[in-house]
Structure formats: structure tokens, C-alpha cells
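Data file: protein22.cif. Format and content: mmCIF, C-alpha atoms and all ligand atoms.
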```cif
data_upload
#
loop_
_atom_site.label_atom_id
_atom_site.label_comp_id
_atom_site.auth_asym_id
_atom_site.auth_seq_id
_atom_site.Cartn_x
_atom_site.Cartn_y
_atom_site.Cartn_z
CA MET A 17 15.60 -54.35 66.60
CA LYS A 18 17.85 -54.71 69.62
CA ASP A 19 16.67 -56.64 72.65
CA LYS A 20 14.27 -58.64 70.52
CA ASN A 21 13.87 -62.17 71.71
CA ILE A 22 13.84 -64.86 69.07
CA LEU A 23 13.00 -68.50 69.67
CA LEU A 24 14.72 -70.82 67.22
CA VAL A 25 13.19 -74.26 66.83
CA GLU A 26 15.51 -76.55 64.91
CA ASP A 27 16.60 -80.09 65.74
CA GLU A 28 19.83 -80.17 63.75
CA ARG A 29 22.36 -78.84 66.18
CA ALA A 30 24.96 -77.60 63.70
CA ILE A 31 22.39 -75.62 61.74
CA ARG A 32 20.76 -74.33 64.91
CA GLU A 33 24.05 -73.09 66.30
CA MET A 34 25.00 -71.45 63.05
CA ILE A 35 21.68 -69.58 62.79
CA ALA A 36 21.75 -68.62 66.48
CA PHE A 37 25.30 -67.34 66.15
CA GLY A 38 24.39 -65.08 63.24
CA LEU A 39 21.33 -63.69 64.98
CA ARG A 40 23.15 -63.07 68.26
CA ARG A 41 25.86 -61.26 66.40
CA ALA A 42 23.14 -59.08 64.86
CA GLY A 43 22.05 -58.12 68.37
CA PHE A 44 19.13 -60.46 68.96
CA GLU A 45 18.60 -62.50 72.06
CA VAL A 46 18.19 -66.08 70.89
CA ARG A 47 16.74 -69.05 72.72
CA GLU A 48 17.06 -72.49 71.21
CA ALA A 49 14.66 -75.42 71.18
CA GLU A 50 15.37 -78.78 69.53
CA ASP A 51 11.77 -79.89 69.10
CA SER A 52 8.13 -78.77 69.41
CA ARG A 53 7.86 -79.84 73.00
CA ALA A 54 10.90 -77.78 74.03
CA ALA A 55 9.53 -74.87 71.99
CA ARG A 56 6.21 -74.93 73.85
CA VAL A 57 8.04 -75.02 77.19
CA ALA A 58 10.19 -72.04 76.15
CA ILE A 59 7.15 -70.08 74.94
CA ALA A 60 5.22 -70.79 78.13
CA ASP A 61 8.23 -69.59 80.07
CA ARG A 62 8.44 -66.33 78.15
CA LEU A 63 6.71 -65.11 75.01
CA PRO A 64 9.28 -64.43 72.28
CA ASP A 65 9.04 -61.53 69.82
CA LEU A 66 9.42 -63.88 66.87
CA VAL A 67 9.72 -67.64 66.30
CA LEU A 68 11.77 -69.41 63.65
CA ILE A 69 10.43 -72.91 63.10
CA ASP A 70 12.08 -75.63 61.08
CA TRP A 71 9.63 -77.64 59.00
CA MET A 72 11.19 -81.00 59.85
CA LEU A 73 11.21 -81.61 63.58
CA PRO A 74 11.54 -84.97 65.35
CA ASP A 75 8.28 -84.85 67.32
CA THR A 76 5.47 -82.92 65.63
CA SER A 77 6.20 -81.17 62.34
CA GLY A 78 7.05 -77.49 62.26
CA LEU A 79 3.81 -76.94 60.38
CA GLU A 80 1.82 -78.59 63.15
CA LEU A 81 3.62 -76.51 65.77
CA THR A 82 2.81 -73.36 63.77
CA ARG A 83 -0.86 -74.33 63.61
CA THR A 84 -0.93 -75.00 67.34
CA LEU A 85 0.61 -71.60 68.10
CA LYS A 86 -1.79 -69.81 65.79
CA ARG A 87 -4.71 -71.44 67.58
CA GLY A 88 -3.52 -70.44 71.05
CA ARG A 89 -4.98 -67.29 72.54
CA GLU A 90 -1.63 -66.16 73.96
CA THR A 91 0.43 -67.16 70.95
CA ARG A 92 -1.71 -66.45 67.90
CA ASP A 93 -0.08 -63.08 67.22
CA LEU A 94 3.46 -64.41 67.42
CA PRO A 95 5.31 -63.65 64.18
CA ILE A 96 6.52 -66.95 62.71
CA ILE A 97 9.04 -67.66 59.97
CA MET A 98 9.23 -71.24 58.70
CA LEU A 99 12.57 -72.70 57.71
CA THR A 100 12.57 -75.49 55.20
CA ALA A 101 14.84 -77.50 52.98
CA ARG A 102 12.07 -77.96 50.45
CA ALA A 103 11.54 -75.28 47.90
CA GLU A 104 8.27 -76.56 46.48
CA GLU A 105 5.59 -73.98 46.01
CA SER A 106 2.99 -76.29 47.57
CA ASP A 107 5.02 -76.39 50.79
CA LYS A 108 5.24 -72.65 50.85
CA VAL A 109 1.49 -72.35 50.44
CA ALA A 110 0.90 -74.95 53.16
CA GLY A 111 3.27 -73.13 55.50
CA LEU A 112 1.61 -69.78 54.97
CA GLU A 113 -1.86 -71.26 55.24
CA GLY A 114 -0.78 -72.96 58.44
CA GLY A 115 -0.24 -69.49 59.85
CA ALA A 116 3.43 -68.76 59.18
CA ASP A 117 4.09 -65.12 58.32
CA ASP A 118 7.07 -65.85 56.14
CA TYR A 119 8.99 -68.73 54.71
CA ILE A 120 12.68 -69.17 53.97
CA THR A 121 14.32 -72.00 52.06
CA LYS A 122 17.57 -73.65 53.12
CA PRO A 123 20.32 -72.99 52.45
CA PHE A 124 20.06 -69.29 53.25
CA SER A 125 22.71 -66.80 54.27
CA PRO A 126 22.69 -65.21 57.73
CA ARG A 127 22.13 -61.88 56.01
CA GLU A 128 19.08 -63.13 54.16
CA LEU A 129 17.59 -64.50 57.35
CA GLN A 130 18.32 -61.29 59.23
CA ALA A 131 16.65 -59.28 56.51
CA ARG A 132 13.53 -61.46 56.76
CA VAL A 133 13.50 -61.28 60.54
CA ASN A 134 13.88 -57.50 60.51
CA ALA A 135 11.20 -57.10 57.87
CA LEU A 136 8.73 -59.23 59.80
CA LEU A 137 9.45 -57.46 63.08
CA ARG A 138 8.95 -54.12 61.36
CA ARG A 139 5.72 -55.34 59.84
CA THR A 140 4.33 -56.52 63.15
CA GLU A 141 5.49 -53.34 64.88
CA GLY A 142 4.03 -51.25 62.09
CA HIS A 143 0.81 -53.00 62.94
CA ASP A 144 1.06 -51.54 66.41
CA ALA A 145 1.88 -48.08 65.11
CA GLU A 146 -1.19 -48.10 62.92
CA GLU A 147 -2.90 -49.36 66.02
CA VAL A 148 -6.48 -50.33 66.48
CA LEU A 149 -7.92 -48.73 69.58
CA LYS A 150 -10.39 -50.88 71.48
CA VAL A 151 -12.78 -50.07 74.25
CA GLY A 152 -15.55 -52.53 75.02
CA VAL A 153 -17.33 -53.38 71.77
CA LEU A 154 -15.81 -50.36 70.03
CA ALA A 155 -12.82 -50.62 67.74
CA MET A 156 -11.16 -47.72 65.95
CA ASP A 157 -8.89 -48.63 63.07
CA ARG A 158 -6.84 -45.48 62.69
CA ALA A 159 -5.13 -46.55 59.48
CA ALA A 160 -8.47 -47.16 57.79
CA HIS A 161 -10.12 -44.27 59.64
CA ARG A 162 -12.96 -46.58 60.53
CA VAL A 163 -14.93 -47.27 63.66
CA THR A 164 -16.88 -50.43 64.34
CA ALA A 165 -18.91 -51.74 67.24
CA SER A 166 -19.09 -55.54 67.40
CA ASP A 167 -17.99 -55.38 63.74
CA GLU A 168 -20.93 -53.12 62.77
CA PRO A 169 -19.73 -49.92 61.12
CA VAL A 170 -20.29 -46.68 63.02
CA GLU A 171 -20.86 -43.49 61.03
CA LEU A 172 -19.21 -40.47 62.61
CA GLY A 173 -18.64 -36.87 61.65
CA PRO A 174 -15.03 -35.65 61.75
CA THR A 175 -15.34 -33.92 65.10
CA GLU A 176 -17.11 -36.87 66.68
CA TYR A 177 -14.35 -39.10 65.32
CA ARG A 178 -11.69 -36.94 66.97
CA LEU A 179 -13.63 -36.80 70.18
CA LEU A 180 -14.11 -40.55 70.24
CA GLU A 181 -10.45 -41.14 69.44
CA PHE A 182 -9.45 -38.99 72.39
CA PHE A 183 -11.83 -40.84 74.69
CA MET A 184 -10.67 -44.23 73.42
CA ARG A 185 -7.08 -43.27 74.17
CA ASN A 186 -8.10 -42.29 77.66
CA PRO A 187 -10.92 -44.61 78.71
CA GLU A 188 -12.48 -44.50 82.16
CA ARG A 189 -11.14 -41.01 82.81
CA VAL A 190 -13.27 -37.94 83.37
CA PHE A 191 -12.50 -34.81 81.37
CA SER A 192 -13.97 -31.40 81.94
CA ARG A 193 -15.34 -29.42 79.00
CA GLU A 194 -12.34 -27.16 79.29
CA GLN A 195 -9.95 -30.11 79.07
CA LEU A 196 -11.78 -31.54 76.08
CA LEU A 197 -11.71 -28.17 74.38
CA ASP A 198 -8.00 -28.00 74.94
CA ARG A 199 -7.16 -31.59 74.00
CA VAL A 200 -9.60 -32.26 71.18
CA TRP A 201 -10.21 -28.82 69.71
CA GLY A 202 -6.70 -27.59 70.43
CA GLY A 203 -7.89 -24.83 72.70
CA ASN A 204 -9.68 -22.93 69.95
CA VAL A 205 -11.00 -19.87 71.72
CA TYR A 206 -13.87 -19.52 69.29
CA VAL A 207 -15.40 -22.77 70.36
CA GLU A 208 -17.79 -22.43 73.25
CA GLU A 209 -17.92 -25.09 75.88
CA ARG A 210 -21.54 -25.59 74.96
CA THR A 211 -20.38 -26.77 71.55
CA ILE A 212 -18.85 -29.77 73.27
CA ASP A 213 -22.23 -30.79 74.60
CA VAL A 214 -23.55 -30.72 71.05
CA HIS A 215 -20.79 -33.01 69.80
CA ILE A 216 -21.19 -35.32 72.78
CA ARG A 217 -24.90 -35.61 71.88
CA ARG A 218 -24.05 -36.35 68.26
CA LEU A 219 -21.50 -38.93 69.31
CA ARG A 220 -24.07 -40.67 71.49
CA LYS A 221 -26.56 -40.61 68.64
CA SER A 222 -24.04 -42.25 66.31
CA LEU A 223 -23.36 -44.92 68.89
CA GLU A 224 -27.03 -45.62 69.60
CA PRO A 225 -27.67 -48.01 66.69
CA VAL A 226 -24.76 -50.16 67.83
CA LYS A 227 -25.82 -49.98 71.47
CA ALA A 228 -22.71 -48.20 72.68
CA ALA A 229 -24.23 -44.79 73.45
CA GLU A 230 -24.12 -45.52 77.17
CA TYR A 231 -20.32 -45.62 76.99
CA VAL A 232 -20.36 -41.84 76.69
CA GLN A 233 -21.18 -40.78 80.21
CA THR A 234 -21.91 -37.44 81.80
CA VAL A 235 -20.29 -37.01 85.17
CA ARG A 236 -22.25 -34.39 87.04
CA GLY A 237 -20.28 -31.29 87.83
CA ALA A 238 -17.13 -32.78 86.34
CA GLY A 239 -17.52 -33.44 82.63
CA TYR A 240 -17.55 -36.52 80.43
CA ARG A 241 -15.92 -39.89 80.21
CA LEU A 242 -15.91 -42.97 78.03
CA SER A 243 -16.57 -46.02 80.12
CA THR A 244 -17.68 -49.61 79.56
CA ARG A 245 -18.95 -49.78 83.13
CA PRO A 246 -22.58 -48.92 83.73
CA ASP A 247 -23.13 -45.25 84.49
CA SER A 248 -23.77 -44.73 88.18
CA CA B 1 15.12 -80.22 61.00
#
```

Have the structure of the file written as C-alpha cells, please.
Ligand code: CA
Amino acid sequence: MKDKNILLVEDERAIREMIAFGLRRAGFEVREAEDSRAARVAIADRLPDLVLIDWMLPDTSGLELTRTLKRGRETRDLPIIMLTARAEESDKVAGLEGGADDYITKPFSPRELQARVNALLRRTEGHDAEEVLKVGVLAMDRAAHRVTASDEPVELGPTEYRLLEFFMRNPERVFSREQLLDRVWGGNVYVEERTIDVHIRRLRKSLEPVKAAEYVQTVRGAGYRLSTRPDS
């Protein structure tokens, strides 16, 4: 969790300094903002890894700031923890519905906050590890083992899935049959190169209904590639 940049938005200086001190000591880089306006300036300057937002701010409310960030294209994936002095369940619900990822009630100990921050960072990083590969209209959700094209499900056999996964990891690059055999089939000597052509055909067929078959392109004399650009 080192080198993570946290933006702390809190108007009460004493509280802000106390929280920032604890987080810095835990190894985080902390930037401070005293209101929503300053927070937006700081975010525009550099995207933080996580934002802590106090509910009660002097300009717009922390909830409003959260909503604004969740609407922004650049900022909608920012992990946000709301800080509040109010423990009411309705506030918690409002905060989470407003787009906050977590919620912590004052007073809290530095350790409790750190635990929440670490947990949220892990969760958002875990999201990356379970990654969704995207190429053009295609999306491969590896955790769910599911492929969609413009949100339409794509039915694939296991080999076609592996082949597509390899292509989606390496889009726009040409691979020879030999390379594909090596990288996708693990160099199984019992698989003929012709077999690859069969699986390429099946993959195209599976992608036809969702109009993505043309992504799988034959490059004469070289091999195959996955590309969103028209075949030429
Ligand atoms: Ca406040």
C-alpha cells in the first residue's frame, strides 16, 4: 500500500491534520483539501488513489462532492470513503447510494481508518487483478469466465475462449500459427498447425452473431491478429 496517494477533504483543520498524520505515518502520501473546490483542484492536478471526504464541508456537502466525482468520466472509479459525525443508518445509505464505497463514523481511531483504507484499496486492486479485458466491443470478464460483445453474451468453446483471451491480451499484433500453438496450446506437439485454422474459424463463427467476427483477421503469409481496425 506504499506510495498510494490519498486526498483528504476535511474543513476542520485539527481533525484533518490528525488524520493526515496517521496516514502519513502508515506510509501513504496525503494531500489535504479544506473544501470541495480545493478537492476538485487537487484531483484535476493529479488523480489520487483514494479520496476521504467529510460529509460536512463549508461549500458543497461531501455527499454532493461524491456524486459529482462519480458522475465524472475521469473520476468515477475513484475509491471514496465518507467521513461523518452522524451515525444514522439513513445517512449511511445516502452516502453509499451517492457513490461512496465505504463510510466511517467519527470518532474513529487511526487504526480503524487505516484498516478501511487498506481494505478498499485491496478491493479496488483486486478488481484489477480479476481484470476485464476489453477490445473494441468485446469484453472478457475473467473472474466470471464470460465474454460479451456490446453486452450481448458470446458463446465460446474452451479452446476458442483461450485463443480469444490470448488475442485480447495482445491486440493488434500478428501471431504466426507456430506462435499461437506455442502460446495458446503450450507447444503441444500433437496439435497440427491446421488445427489452429479450425479454431480460428470457430472463433469467428461465435463472434458473427455479435458482429465482431471481422476482429479476427488473417494476415497473409504471417498468421492471425485481433484488431478493431478494418482488415486491409
Ligand atoms: Ca467537516

**Message:** For ligand CA 1 (chain B), return the neighbouring residues as a VMD selection string (distance at most 12 Å; only C-alpha atoms and all ligand atoms).
**Reply:** chain A and resid 24 to 32 49 to 52 68 to 79 98 to 102 122

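The spacing separating atom CA of Gly88 of chain A from atom CA of Ile35 of chain A amounts to 26.5 Å.
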
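Taking all atoms listed in the file into account, Thr234 of chain A lies nearest to A:Arg193 out of the set A:Arg56, A:Arg193, A:Phe37, A:Ser222.
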
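The nearest approach to Val153 of chain A among the residues A:Glu194, A:Glu230, A:Glu45, A:Glu33, with only C-alpha atoms taken into account, belongs to A:Glu230.
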
**Message:** Using only C-alpha atoms, which protein or nucleic acid residues come within 8 Å of segment 166-176 of chain A? Drop anything in the same chain fewer than 2 positions from it, and give the result as a list in words.
**Reply:**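 What passes the distance filter is Val153, Leu154, Ala155, Arg162, Val163, Thr164, Arg178, Leu179, Leu180, His215, Ile216, Arg218, Leu219, Ser222, Leu223 and Val226 of chain A.
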
Quick one: what's the axis-aligned box for segment 103-119 of chain A, all listed atoms, 4 Å on every side, centre and edges in Å to one decimal, as lines of an AutoDock Vina configuration file?
```
center_x = 4.8
center_y = -70.8
center_z = 52.9
size_x = 21.4
size_y = 19.4
size_z = 21.8
```

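Interatomic distance, atom CA of Leu94 of chain A to atom CA of Gly115 of chain A: 9.8 Å.
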
**Surrounding residues of segment 242-246 of chain A excluding itself and chain neighbours under 3 positions, 8 Å, only C-alpha atoms, as a PyMOL selection string** = chain A and resi 151-152+183-184+186-190+230-233

**Message:** Would you compute the distance between atom CA of Ala60 of chain A and atom CA of Val133 of chain A? Give it in Å to one decimal.
**Reply:**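 About the pair atom CA of Ala60 of chain A and atom CA of Val133 of chain A: they are 21.6 Å apart.
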
**Request:** Write out as a PyMOL selection string the residues lying within 12 Å of Glu209 of chain A, counting only C-alpha atoms and excluding same-chain residues fewer than 5 positions away.
**Result:** chain A and resi 192-198+200-201+203-204+214-216+239

**Request:** Using all atoms listed in the file, pick whichever of A:Arg53, A:Arg89, A:Lys108, A:Arg138 has the shortest atom-to-atom distance to Asp65 of chain A.
**Result:**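 Of the candidates, the smallest distance to Asp65 of chain A is held by A:Arg138.
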
**Request:** Check the smallest atom-to-atom distance from each of A:Met156, A:Asp118, A:Val57, A:Thr91 to Ala131 of chain A using all atoms listed in the file, then report the winner.
**Result:** A:Asp118

**Prompt:** Restricting the calculation to all atoms listed in the file, which member of A:Asp213, A:Asp107, A:Asp19, A:Asp61 is positioned closest to Phe44 of chain A?
**Reply:**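 Going through A:Asp213, A:Asp107, A:Asp19, A:Asp61 one by one, the smallest distance to Phe44 of chain A is for A:Asp19.
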
**Message:** Under the rule that only C-alpha atoms are counted, which of A:Leu129, A:Leu149, A:Ala55, A:Ala160 is the nearest residue to Leu81 of chain A?
**Reply:** A:Ala55

Contact residues around Pro64 of chain A with all atoms listed in the file at 9 Å, ignoring same-chain residues under 5 positions, as an mmCIF file with C-alpha atoms, in the frame of the given file:
```cif
data_model
loop_
_atom_site.group_PDB
_atom_site.id
_atom_site.type_symbol
_atom_site.label_atom_id
_atom_site.label_comp_id
_atom_site.auth_asym_id
_atom_site.auth_seq_id
_atom_site.Cartn_x
_atom_site.Cartn_y
_atom_site.Cartn_z
ATOM 1 C CA LYS A 20 14.270 -58.640 70.520
ATOM 2 C CA ASN A 21 13.870 -62.170 71.710
ATOM 3 C CA ILE A 22 13.840 -64.860 69.070
ATOM 4 C CA LEU A 23 13.000 -68.500 69.670
ATOM 5 C CA ARG A 47 16.740 -69.050 72.720
ATOM 6 C CA ALA A 58 10.190 -72.040 76.150
ATOM 7 C CA ILE A 59 7.150 -70.080 74.940
ATOM 8 C CA LEU A 94 3.460 -64.410 67.420
#
```
